[in-house]
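So this block is run.cif, mmCIF, C-alpha atoms:
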```cif
data_structure
#
loop_
_atom_site.label_atom_id
_atom_site.label_comp_id
_atom_site.auth_asym_id
_atom_site.auth_seq_id
_atom_site.Cartn_x
_atom_site.Cartn_y
_atom_site.Cartn_z
CA MET C 2 0.26 17.58 -11.47
CA PRO C 3 2.14 20.27 -9.51
CA ALA C 4 5.06 21.49 -11.61
CA SER C 5 7.51 21.14 -8.72
CA ALA C 6 6.84 17.47 -7.99
CA ARG C 7 9.22 15.27 -9.98
CA PHE C 8 10.03 12.04 -8.14
CA ILE C 9 8.30 9.80 -5.62
CA ASP C 10 10.86 7.74 -3.70
CA ILE C 11 9.89 4.65 -1.72
CA HIS C 12 12.23 2.96 0.76
CA ILE C 13 11.42 -0.33 2.48
CA LEU C 14 13.02 -2.41 5.21
CA GLN C 15 11.69 -5.95 5.27
CA SER C 16 12.76 -8.97 7.29
CA VAL C 17 12.62 -12.22 5.35
CA PRO C 18 13.05 -15.54 7.15
CA TYR C 19 14.74 -18.69 5.86
CA ALA C 20 14.23 -18.47 2.09
CA ASN C 21 15.83 -18.31 -1.34
CA LEU C 22 13.87 -15.60 -3.14
CA ASN C 23 16.24 -15.36 -6.10
CA ARG C 24 18.69 -17.96 -7.41
CA ASP C 25 21.53 -17.77 -9.90
CA ASP C 26 22.25 -20.24 -12.71
CA THR C 27 23.64 -22.79 -10.23
CA ASN C 28 20.59 -22.53 -7.89
CA SER C 29 22.69 -20.64 -5.36
CA VAL C 30 21.47 -17.66 -3.36
CA LYS C 31 22.35 -14.40 -5.13
CA THR C 32 24.80 -12.26 -3.18
CA VAL C 33 26.71 -8.99 -3.36
CA GLN C 34 29.92 -7.83 -1.69
CA TYR C 35 29.13 -4.42 -0.17
CA GLY C 36 30.98 -2.67 2.62
CA ASN C 37 33.50 -5.52 2.45
CA VAL C 38 30.95 -8.08 3.68
CA LEU C 39 28.78 -10.57 1.85
CA ARG C 40 25.07 -9.68 1.65
CA THR C 41 22.12 -11.60 0.32
CA ARG C 42 20.75 -9.96 -2.82
CA VAL C 43 17.49 -10.14 -4.77
CA SER C 44 17.84 -8.79 -8.30
CA SER C 45 15.70 -5.89 -9.43
CA GLN C 46 14.41 -8.00 -12.33
CA CYS C 47 13.21 -10.66 -9.92
CA TRP C 48 11.40 -8.33 -7.53
CA LYS C 49 10.11 -6.19 -10.43
CA ARG C 50 8.34 -9.22 -11.90
CA ALA C 51 6.65 -9.88 -8.55
CA VAL C 52 5.63 -6.20 -8.40
CA ARG C 53 4.34 -6.25 -11.98
CA GLU C 54 2.19 -9.33 -11.41
CA HIS C 55 0.63 -7.77 -8.31
CA PHE C 56 0.24 -4.45 -10.16
CA GLN C 57 -1.61 -6.12 -13.02
CA GLU C 58 -4.12 -7.62 -10.62
CA LEU C 59 -4.77 -4.24 -9.00
CA ILE C 60 -5.37 -2.30 -12.22
CA GLY C 61 -7.14 -5.07 -14.11
CA GLN C 62 -4.72 -4.92 -17.05
CA ALA C 63 -2.03 -7.32 -18.17
CA ALA C 64 0.88 -7.36 -20.58
CA LEU C 65 2.40 -10.25 -22.45
CA ARG C 66 6.17 -10.67 -22.86
CA THR C 67 7.07 -13.45 -25.26
CA ARG C 68 9.02 -14.69 -28.26
CA ARG C 69 6.06 -16.89 -29.14
CA ILE C 70 3.58 -14.26 -30.28
CA GLY C 71 2.86 -16.34 -33.38
CA GLU C 72 1.96 -19.41 -31.33
CA ARG C 73 -0.24 -17.28 -29.06
CA THR C 74 -2.08 -15.91 -32.10
CA ALA C 75 -2.46 -19.42 -33.54
CA HIS C 76 -4.01 -20.53 -30.25
CA GLU C 77 -6.46 -17.63 -30.42
CA LEU C 78 -7.42 -18.58 -33.97
CA GLY C 79 -7.84 -22.22 -32.94
CA GLU C 80 -10.34 -21.13 -30.30
CA ARG C 81 -12.23 -19.31 -33.05
CA GLY C 82 -12.61 -22.55 -34.97
CA TRP C 83 -9.79 -22.31 -37.48
CA PRO C 84 -8.30 -25.64 -38.69
CA GLN C 85 -5.11 -26.36 -36.77
CA HIS C 86 -2.72 -26.21 -39.75
CA LEU C 87 -4.20 -22.95 -41.05
CA ALA C 88 -4.09 -21.39 -37.57
CA GLN C 89 -0.43 -22.36 -37.20
CA ARG C 90 0.38 -20.96 -40.65
CA ALA C 91 -1.39 -17.72 -39.78
CA GLY C 92 0.51 -17.44 -36.47
CA ALA C 93 3.80 -17.93 -38.27
CA HIS C 94 2.92 -15.26 -40.83
CA ILE C 95 2.01 -12.88 -37.98
CA ALA C 96 5.43 -13.43 -36.38
CA ALA C 97 7.17 -13.00 -39.73
CA ALA C 98 5.29 -9.83 -40.67
CA SER C 99 7.24 -7.33 -38.56
CA SER C 100 10.77 -5.96 -38.69
CA ILE C 101 11.80 -8.40 -35.94
CA LYS C 102 13.98 -11.20 -37.22
CA PHE C 103 12.80 -14.71 -36.45
CA GLU C 104 13.87 -18.33 -36.41
CA LEU C 105 12.05 -21.63 -36.58
CA ALA C 106 11.72 -23.66 -33.41
CA LYS C 107 13.29 -27.11 -33.53
CA ASP C 108 11.94 -30.53 -32.61
CA ASP C 109 13.63 -33.19 -30.46
CA ALA C 110 15.83 -34.15 -33.42
CA LYS C 111 16.95 -30.51 -33.72
CA GLN C 112 15.07 -30.13 -36.99
CA PRO C 113 13.25 -26.85 -37.82
CA VAL C 114 9.48 -27.12 -37.44
CA PRO C 115 7.52 -25.32 -40.19
CA ASN C 116 5.19 -22.59 -38.89
CA LYS C 117 6.59 -22.77 -35.35
CA VAL C 118 8.26 -19.37 -35.30
CA LEU C 119 10.21 -17.64 -32.52
CA THR C 120 10.97 -13.95 -32.77
CA ASN C 121 14.60 -13.12 -31.99
CA ALA C 122 13.48 -10.31 -29.68
CA MET C 123 10.88 -10.52 -26.95
CA VAL C 124 7.76 -8.57 -27.79
CA TYR C 125 5.97 -6.87 -24.91
CA VAL C 126 2.38 -6.01 -25.70
CA PRO C 127 -0.98 -5.66 -23.95
CA GLN C 128 -2.62 -9.04 -23.45
CA SER C 129 -5.38 -7.95 -25.83
CA ALA C 130 -2.82 -7.83 -28.66
CA ALA C 131 -3.23 -11.56 -29.36
CA ALA C 132 -6.89 -11.01 -30.22
CA GLU C 133 -6.02 -7.97 -32.36
CA LEU C 134 -3.42 -9.97 -34.30
CA ALA C 135 -5.94 -12.76 -34.76
CA ASP C 136 -8.35 -10.17 -36.17
CA ILE C 137 -5.71 -9.23 -38.76
CA ALA C 138 -5.43 -12.89 -39.75
CA GLU C 139 -9.23 -13.09 -40.04
CA GLN C 140 -9.22 -10.13 -42.41
CA HIS C 141 -6.64 -11.84 -44.63
CA ARG C 142 -7.84 -15.41 -44.38
CA GLU C 143 -8.08 -15.92 -48.16
CA GLN C 144 -4.45 -14.91 -48.65
CA LEU C 145 -3.37 -17.20 -45.80
CA GLU C 146 -5.28 -20.16 -47.23
CA THR C 147 -3.25 -19.94 -50.45
CA ALA C 148 0.02 -18.81 -48.83
CA LYS C 149 3.05 -21.02 -48.36
CA ASP C 150 4.08 -22.23 -44.94
CA ILE C 151 6.92 -20.38 -43.20
CA LYS C 152 9.80 -22.84 -43.48
CA LYS C 153 12.91 -20.68 -43.15
CA PRO C 154 13.86 -17.23 -41.81
CA ALA C 155 14.04 -15.79 -45.34
CA ASP C 156 10.35 -16.51 -46.04
CA LYS C 157 8.10 -13.47 -46.38
CA SER C 158 4.72 -12.98 -44.77
CA VAL C 159 1.60 -12.24 -46.82
CA LEU C 160 0.24 -10.06 -44.01
CA PRO C 161 0.62 -6.26 -43.95
CA LYS C 162 3.71 -5.23 -41.98
CA ASP C 163 2.36 -1.80 -40.98
CA THR C 164 -0.83 -3.26 -39.50
CA VAL C 165 1.00 -5.91 -37.49
CA GLU C 166 3.60 -3.43 -36.21
CA ALA C 167 0.84 -1.03 -35.15
CA VAL C 168 -0.34 -3.72 -32.75
CA LEU C 169 3.21 -4.30 -31.52
CA ARG C 170 3.42 -0.58 -30.72
CA SER C 171 0.22 -0.63 -28.65
CA ARG C 172 0.51 -0.14 -24.93
CA ASN C 173 -1.50 -0.08 -21.72
CA GLY C 174 -0.93 1.08 -18.14
CA VAL C 175 1.53 -1.73 -17.43
CA ILE C 176 3.79 -0.80 -20.33
CA ASN C 177 3.42 2.94 -19.74
CA LEU C 178 4.68 2.49 -16.18
CA PHE C 179 7.32 -0.23 -16.55
CA GLY C 180 8.48 0.64 -20.06
CA ARG C 181 9.37 -1.49 -23.07
CA MET C 182 12.57 -2.19 -25.00
CA LEU C 183 11.84 -3.11 -28.63
CA ALA C 184 14.38 -1.45 -30.90
CA GLU C 185 13.51 -3.61 -33.90
CA VAL C 186 10.14 -1.87 -34.42
CA ASP C 187 10.21 1.89 -34.99
CA ASP C 188 8.62 3.96 -32.20
CA ALA C 189 7.79 0.85 -30.14
CA GLY C 190 10.19 1.60 -27.29
CA VAL C 191 8.77 3.12 -24.12
CA ASP C 192 10.94 4.66 -21.40
CA GLY C 193 9.85 3.21 -18.07
CA ALA C 194 8.63 5.64 -15.43
CA VAL C 195 9.83 3.48 -12.53
CA GLN C 196 13.32 2.49 -11.44
CA ILE C 197 13.81 -0.41 -9.03
CA ALA C 198 17.06 -1.20 -7.23
CA HIS C 199 18.44 -4.60 -6.34
CA ALA C 200 17.41 -5.47 -2.79
CA LEU C 201 20.23 -6.30 -0.38
CA THR C 202 20.48 -7.13 3.28
CA THR C 203 21.48 -4.36 5.65
CA HIS C 204 23.95 -6.71 7.33
CA LYS C 205 26.34 -9.54 6.65
CA THR C 206 24.65 -12.86 5.86
CA ASP C 207 25.72 -16.46 5.76
CA ILE C 208 24.49 -18.95 3.19
CA GLU C 209 22.95 -22.04 4.78
CA LEU C 210 23.09 -25.45 3.09
CA ASP C 211 19.99 -27.55 3.67
CA TYR C 212 20.37 -31.29 3.17
CA PHE C 213 17.09 -33.02 2.36
CA SER C 214 15.85 -36.46 1.43
CA ALA C 215 12.60 -37.81 0.07
CA VAL C 216 11.21 -41.10 1.34
CA ASP C 217 9.94 -43.59 -1.25
CA ASP C 218 6.51 -44.55 0.12
CA ILE C 219 6.26 -47.78 -1.86
CA THR C 220 9.68 -49.03 -0.81
CA THR C 221 8.95 -48.21 2.83
CA ALA C 222 5.52 -49.84 2.84
CA TRP C 223 6.23 -53.01 0.85
CA ASN C 224 9.85 -53.90 1.50
CA ASP C 225 10.25 -52.72 5.07
CA ALA C 226 13.32 -50.91 3.80
CA THR C 227 14.95 -47.79 5.12
CA GLY C 228 16.64 -45.00 3.27
CA SER C 229 15.44 -42.44 0.78
CA GLY C 230 14.39 -42.35 -2.81
CA HIS C 231 16.11 -39.03 -3.41
CA MET C 232 18.72 -36.90 -1.68
CA GLY C 233 19.98 -33.41 -2.34
CA HIS C 234 20.79 -30.03 -0.89
CA ALA C 235 19.68 -26.45 -1.43
CA GLU C 236 20.91 -23.01 -0.38
CA TYR C 237 19.01 -20.53 1.78
CA SER C 238 19.60 -17.37 3.76
CA ALA C 239 17.67 -14.95 5.95
CA GLY C 240 17.91 -11.26 6.75
CA THR C 241 16.53 -7.73 6.74
CA PHE C 242 16.45 -6.28 3.22
CA TYR C 243 16.67 -2.68 2.10
CA ARG C 244 14.48 -2.11 -0.97
CA TYR C 245 14.22 1.07 -3.02
CA ALA C 246 12.27 2.34 -6.05
CA THR C 247 11.42 5.70 -7.55
CA VAL C 248 8.69 6.95 -9.87
CA ASP C 249 9.63 9.64 -12.41
CA LEU C 250 6.51 11.77 -12.75
CA GLY C 251 7.90 13.52 -15.83
CA ASP C 252 8.48 10.27 -17.71
CA LEU C 253 5.05 9.02 -16.73
CA ALA C 254 3.44 12.24 -18.04
CA VAL C 255 5.23 11.74 -21.36
CA ASN C 256 3.84 8.20 -21.58
CA ILE C 257 0.24 8.85 -20.59
CA GLY C 258 -0.23 12.61 -21.01
CA ASP C 259 -0.76 15.20 -18.31
CA GLY C 260 -3.65 13.46 -16.58
CA PRO C 261 -3.41 13.52 -12.77
CA GLN C 262 -6.25 11.03 -12.29
CA ALA C 263 -4.72 8.41 -14.61
CA ALA C 264 -1.28 9.00 -13.10
CA ARG C 265 -2.71 8.62 -9.60
CA GLU C 266 -4.30 5.26 -10.39
CA LEU C 267 -1.06 3.87 -11.83
CA ILE C 268 1.25 5.22 -9.13
CA ASN C 269 -1.10 4.18 -6.32
CA ALA C 270 -1.19 0.63 -7.67
CA PHE C 271 2.59 0.58 -8.14
CA LEU C 272 3.40 1.78 -4.61
CA ALA C 273 0.93 -0.70 -3.09
CA SER C 274 2.39 -3.50 -5.22
CA PHE C 275 5.97 -2.60 -4.32
CA ILE C 276 5.04 -2.73 -0.63
CA GLU C 277 3.09 -5.98 -0.71
CA SER C 278 4.85 -8.07 -3.35
CA LEU C 279 7.33 -10.85 -2.65
CA PRO C 280 9.18 -13.09 -5.16
CA GLN C 281 7.65 -16.54 -5.26
CA ALA C 282 10.75 -18.76 -5.57
CA LYS C 283 10.55 -21.82 -3.30
CA LYS C 284 7.39 -20.45 -1.69
CA ASN C 285 5.93 -23.93 -1.16
CA SER C 286 8.90 -25.05 0.94
CA THR C 287 9.62 -21.79 2.79
CA ALA C 288 6.42 -19.64 2.82
CA PRO C 289 8.35 -16.44 3.67
CA HIS C 290 5.27 -14.21 3.49
CA THR C 291 6.27 -11.28 5.68
CA ILE C 292 5.29 -7.61 5.43
CA PRO C 293 7.69 -4.65 5.56
CA ASP C 294 8.95 -3.53 8.95
CA LEU C 295 9.14 0.03 7.62
CA VAL C 296 7.99 1.96 4.55
CA HIS C 297 9.19 5.53 3.92
CA ILE C 298 7.87 7.62 1.00
CA SER C 299 8.99 11.09 -0.04
CA VAL C 300 8.03 13.44 -2.87
CA ARG C 301 11.07 15.27 -4.26
CA THR C 302 11.54 18.19 -6.63
CA ASP C 303 15.12 17.47 -7.66
CA ARG C 304 16.35 13.91 -8.15
CA PRO C 305 15.88 10.37 -6.85
CA LEU C 306 17.73 9.63 -3.62
CA SER C 307 18.53 6.07 -2.52
CA PHE C 308 19.46 5.44 1.10
CA ALA C 309 21.39 2.24 0.37
CA ALA C 310 24.56 3.97 1.55
CA ALA C 311 23.05 3.98 5.04
CA PHE C 312 24.06 0.32 5.19
CA GLU C 313 27.49 0.48 3.54
CA LYS C 314 28.67 -0.08 7.09
CA PRO C 315 26.78 -3.28 7.88
CA VAL C 316 24.30 -3.27 10.72
CA ARG C 317 25.29 -5.32 13.75
CA ALA C 318 22.66 -7.03 15.84
CA GLY C 319 22.07 -5.75 19.33
CA ALA C 320 22.71 -7.69 22.51
CA ASP C 321 19.33 -9.38 22.21
CA GLY C 322 19.76 -10.08 18.48
CA GLY C 323 17.74 -8.81 15.56
CA PHE C 324 18.53 -6.49 12.66
CA ALA C 325 15.18 -4.87 11.83
CA GLU C 326 14.93 -2.33 14.66
CA ILE C 327 18.51 -1.10 14.39
CA SER C 328 18.18 -0.98 10.59
CA CYS C 329 15.18 1.34 10.97
CA THR C 330 17.15 3.61 13.30
CA GLN C 331 20.16 3.65 10.98
CA LEU C 332 17.98 4.45 7.95
CA ALA C 333 16.28 7.34 9.75
CA ALA C 334 19.61 8.80 10.87
CA TYR C 335 21.08 8.61 7.38
CA ALA C 336 17.96 10.12 5.80
CA GLN C 337 18.05 13.06 8.18
CA ALA C 338 21.75 13.69 7.50
CA ALA C 339 21.44 13.31 3.71
CA ASN C 340 18.41 15.59 3.47
CA LYS C 341 20.08 18.22 5.63
CA LEU C 342 23.12 18.10 3.36
CA LEU C 343 21.06 18.47 0.16
CA GLY C 344 18.53 20.86 1.62
CA THR C 345 15.10 19.93 2.94
CA SER C 346 13.42 22.43 0.59
CA ARG C 347 13.74 19.77 -2.10
CA ILE C 348 11.27 17.55 -0.24
CA LEU C 349 7.60 18.45 -0.70
CA THR C 350 6.42 15.83 1.77
CA SER C 351 7.69 12.71 3.47
CA GLY C 352 6.27 10.15 5.83
CA TRP C 353 6.55 6.64 7.10
CA ALA C 354 4.54 3.74 8.42
CA GLY C 355 5.71 0.58 10.07
CA LEU C 356 5.99 -1.67 13.07
CA ALA C 357 8.43 0.48 15.05
CA ALA C 358 7.21 1.43 18.52
CA LYS C 359 9.23 4.64 18.68
CA ALA C 360 9.34 7.74 16.50
CA LEU C 361 11.89 7.81 13.71
CA THR C 362 13.12 11.38 13.34
CA GLY C 363 14.19 12.16 9.80
CA LEU C 364 11.50 10.19 7.98
CA GLY C 365 8.71 12.76 8.18
CA GLU C 366 5.19 12.29 9.50
CA ARG C 367 4.17 8.94 10.90
CA ARG C 368 1.08 7.42 9.27
CA GLU C 369 -1.15 4.73 10.74
CA CYS C 370 -1.16 2.45 7.70
CA PHE C 371 0.43 2.02 4.29
CA GLU C 372 -2.71 3.22 2.50
CA ASP C 373 -2.65 6.57 4.34
CA LEU C 374 1.05 6.91 3.61
CA ILE C 375 0.48 6.46 -0.13
CA THR C 376 -2.52 8.80 -0.16
CA GLY C 377 -0.58 11.58 1.54
CA ALA C 378 2.27 11.33 -0.97
CA LEU C 379 -0.05 11.32 -3.97
CA ASP C 380 -2.11 14.26 -2.69
CA THR C 381 1.08 16.31 -2.56
CA ALA C 382 2.57 15.05 -5.83
CA LEU C 383 -0.59 15.17 -7.95
CA GLY C 384 -2.99 17.36 -6.03
CA GLN C 385 -6.01 16.38 -3.93
CA ASP C 386 -8.28 16.97 -6.92
CA SER C 387 -6.85 13.81 -8.51
CA ASN C 388 -8.00 11.85 -5.47
CA GLU C 389 -11.54 13.24 -5.69
CA ALA C 390 -11.67 12.53 -9.42
CA ALA C 391 -10.44 8.96 -8.90
CA GLN C 392 -13.17 8.35 -6.36
#
```

What does the file become when written as structure tokens?
Amino acid sequence: MPASARFIDIHILQSVPYANLNRDDTNSVKTVQYGNVLRTRVSSQCWKRAVREHFQELIGQAALRTRRIGERTAHELGERGWPQHLAQRAGAHIAAASSIKFELAKDDAKQPVPNKVLTNAMVYVPQSAAAELADIAEQHREQLETAKDIKKPADKSVLPKDTVEAVLRSRNGVINLFGRMLAEVDDAGVDGAVQIAHALTTHKTDIELDYFSAVDDITTAWNDATGSGHMGHAEYSAGTFYRYATVDLGDLAVNIGDGPQAARELINAFLASFIESLPQAKKNSTAPHTIPDLVHISVRTDRPLSFAAAFEKPVRAGADGGFAEISCTQLAAYAQAANKLLGTSRILTSGWAGLAAKALTGLGERRECFEDLITGALDTALGQDSNEAAQ
């Protein structure tokens, strides 16, 4: 990749109708106080999961995050024809074989269940790891047949620790891009190459309370009664969100090596997923499946640059209402001012695509579609040869 290209920034403005994309522990809409007004917020963890799921579909790879790696291995062994008790014992020994501390899951009476082991830390491994761990159990089946069940956290596994931890260190494109935190296993941590900000509305929002009731069909039909079988309320909001993410090309090169073609495939899939993804909370009752009003991508040589401060002063709707158009104008104006202040020589290329009818000075070249926008950024960041090789 060109030595000068370091970061790919992506900025999105997206209008979302009546929805609750991300709830807190009380089922309330998540919010943030910014610019002395209340905004609707969607956490980076929430939107990142939606991005990751879409990303996995695009690249044909998947990763598994779980505390139940032993149970997943036991299930794999069961599908291979192992007796249930032996498969469960093997899964427990797999979970107990690493440096990660573990505990026994408990039944309804709060009693520990032998061989039902939960690791204290979430492991994050390629989906293929379950089969690889099952292969280890296959290779040591005789030892497992004579081994004791795992009944307490102090019990030792009969399986080789180094072999099991080698699988826990394995990675694929998903982990190389999004990173992994696993301090309990040496050299298993992976610094993520992407950073994703919390999404927030560009303007003040109000939280709406929706009262609802559910009719009992049997009561209505048989008893000629009125009323509901259930009543409740839920919170919703609506607004135009500013979303931001950046890809660190240096960190990605450390994770995958200096391979422009491999980097291009991962970054292309990430940018497309960041544009098209949407958290799925309450999707059946709100169906808020919009697309971005505006996407702006730039390739920088210096540092990531968020434009969230463009909306520290909240956008106010025009005389005819609506926040999207004025948010686009405000973003473009801020981008132009910020880049002038820092120096435009730091930007190798920039462009935008969206629904706006007018030009947006300050966001670079207008592209006809999101795909062209991504291609232009990657050609600059990684070189056109990476595009030809990928094809």

Discussion item. Could you tell me, as a ChimeraX atom specification, exactly which residues end up selected when the PyMOL selection byres ((chain C and resi 365-374) around 8) is applied to this structure?
Written reply: /C:273,296,298,350-355,360,362-364,375-378

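Counting from CA of Val159 in chain C, the distance to CA of Ala98 in chain C is 7.6 Å.
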
Hey, which bits of range 136-214 of chain C sit within 10 Å of range 325-330 of chain C, and for each residue what's the closest pair of atoms and how far apart in Å (one decimal), counting all atoms listed in the file, rows by chain and increasing number, as JSON lines?
```
{"residue": "C:Thr202", "atom": "CA", "partner": "C:Ser328", "partner_atom": "CA", "distance": 9.8}
{"residue": "C:Thr203", "atom": "CA", "partner": "C:Ser328", "partner_atom": "CA", "distance": 6.8}
{"residue": "C:His204", "atom": "CA", "partner": "C:Ser328", "partner_atom": "CA", "distance": 8.8}
```

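Around His231 in chain C, within 8 Å and counting all atoms listed in the file, the residues found are Ser214, Ala215, Val216 and Asp217 of chain C, once anything fewer than 5 positions away on its own chain is removed.
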
Grab the residues selected above and save them as a PDB file, in the frame of the given file with C-alpha atoms.
```
ATOM      1  CA  SER C 214      15.850 -36.460   1.430  1.00  0.00           C
ATOM      2  CA  ALA C 215      12.600 -37.810   0.070  1.00  0.00           C
ATOM      3  CA  VAL C 216      11.210 -41.100   1.340  1.00  0.00           C
ATOM      4  CA  ASP C 217       9.940 -43.590  -1.250  1.00  0.00           C
TER       5      ASP C 217
END
```

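Proximity of C:Leu178, C:Ala51, C:Ala88, C:Val168 to Val255 in chain C, computed with all atoms listed in the file, is greatest for C:Leu178.
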
Worksheet entry | Atomic distance CA of Leu169 in chain C - CA of Leu119 in chain C, expressed in Å with one decimal | 15.1 Å

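CA of Phe275 in chain C is positioned 8.6 Å from CA of Arg53 in chain C.
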
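Put simply, the PyMOL selection byres ((chain C and resi 9) around 8) on this file hits Arg7, Phe8, Asp10, Ile11, Thr247, Val248, Asp249, Leu250, Ile298, Ser299, Val300, Arg301, Pro305, Ala378 and Ala382 of chain C.
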
Report as a compact mmCIF listing (two decimals) with C-alpha atoms, in the frame of the given file all protein, DNA and RNA residues lying within 8 Å of Leu145 in chain C, evaluated on all atoms listed in the file, omitting residues in the same chain fewer than 5 positions from it.
```txt
# COMPACT_ATOMS: atom_id res chain seq x y z
CA LEU C 87 -4.20 -22.95 -41.05
CA ARG C 90 0.38 -20.96 -40.65
CA ALA C 91 -1.39 -17.72 -39.78
CA ALA C 138 -5.43 -12.89 -39.75
CA VAL C 159 1.60 -12.24 -46.82
```

Selection result of the PyMOL selection byres ((chain C and resi 167) around 12) on this file, as a PDB file with C-alpha atoms, in the coordinates of the input:
```pdb
ATOM      1  CA  ALA C  98       5.290  -9.830 -40.670  1.00  0.00           C
ATOM      2  CA  SER C  99       7.240  -7.330 -38.560  1.00  0.00           C
ATOM      3  CA  SER C 100      10.770  -5.960 -38.690  1.00  0.00           C
ATOM      4  CA  VAL C 126       2.380  -6.010 -25.700  1.00  0.00           C
ATOM      5  CA  ALA C 130      -2.820  -7.830 -28.660  1.00  0.00           C
ATOM      6  CA  GLU C 133      -6.020  -7.970 -32.360  1.00  0.00           C
ATOM      7  CA  LEU C 134      -3.420  -9.970 -34.300  1.00  0.00           C
ATOM      8  CA  ILE C 137      -5.710  -9.230 -38.760  1.00  0.00           C
ATOM      9  CA  PRO C 161       0.620  -6.260 -43.950  1.00  0.00           C
ATOM     10  CA  LYS C 162       3.710  -5.230 -41.980  1.00  0.00           C
ATOM     11  CA  ASP C 163       2.360  -1.800 -40.980  1.00  0.00           C
ATOM     12  CA  THR C 164      -0.830  -3.260 -39.500  1.00  0.00           C
ATOM     13  CA  VAL C 165       1.000  -5.910 -37.490  1.00  0.00           C
ATOM     14  CA  GLU C 166       3.600  -3.430 -36.210  1.00  0.00           C
ATOM     15  CA  VAL C 168      -0.340  -3.720 -32.750  1.00  0.00           C
ATOM     16  CA  LEU C 169       3.210  -4.300 -31.520  1.00  0.00           C
ATOM     17  CA  ARG C 170       3.420  -0.580 -30.720  1.00  0.00           C
ATOM     18  CA  SER C 171       0.220  -0.630 -28.650  1.00  0.00           C
ATOM     19  CA  ARG C 172       0.510  -0.140 -24.930  1.00  0.00           C
ATOM     20  CA  VAL C 186      10.140  -1.870 -34.420  1.00  0.00           C
ATOM     21  CA  ASP C 187      10.210   1.890 -34.990  1.00  0.00           C
ATOM     22  CA  ASP C 188       8.620   3.960 -32.200  1.00  0.00           C
ATOM     23  CA  ALA C 189       7.790   0.850 -30.140  1.00  0.00           C
TER      24      ALA C 189
END
```

Worksheet item: Using only C-alpha atoms, which of the listed residues (C:Ala239, C:Ile151, C:Ala6, C:Ala97) sits closest to Pro115 in chain C?
Response: C:Ile151

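Of the listed residues (C:Gly36, C:Glu72, C:Leu356, C:Ile257), C:Glu72 comes nearest to Gln85 in chain C; the distances count all atoms listed in the file.
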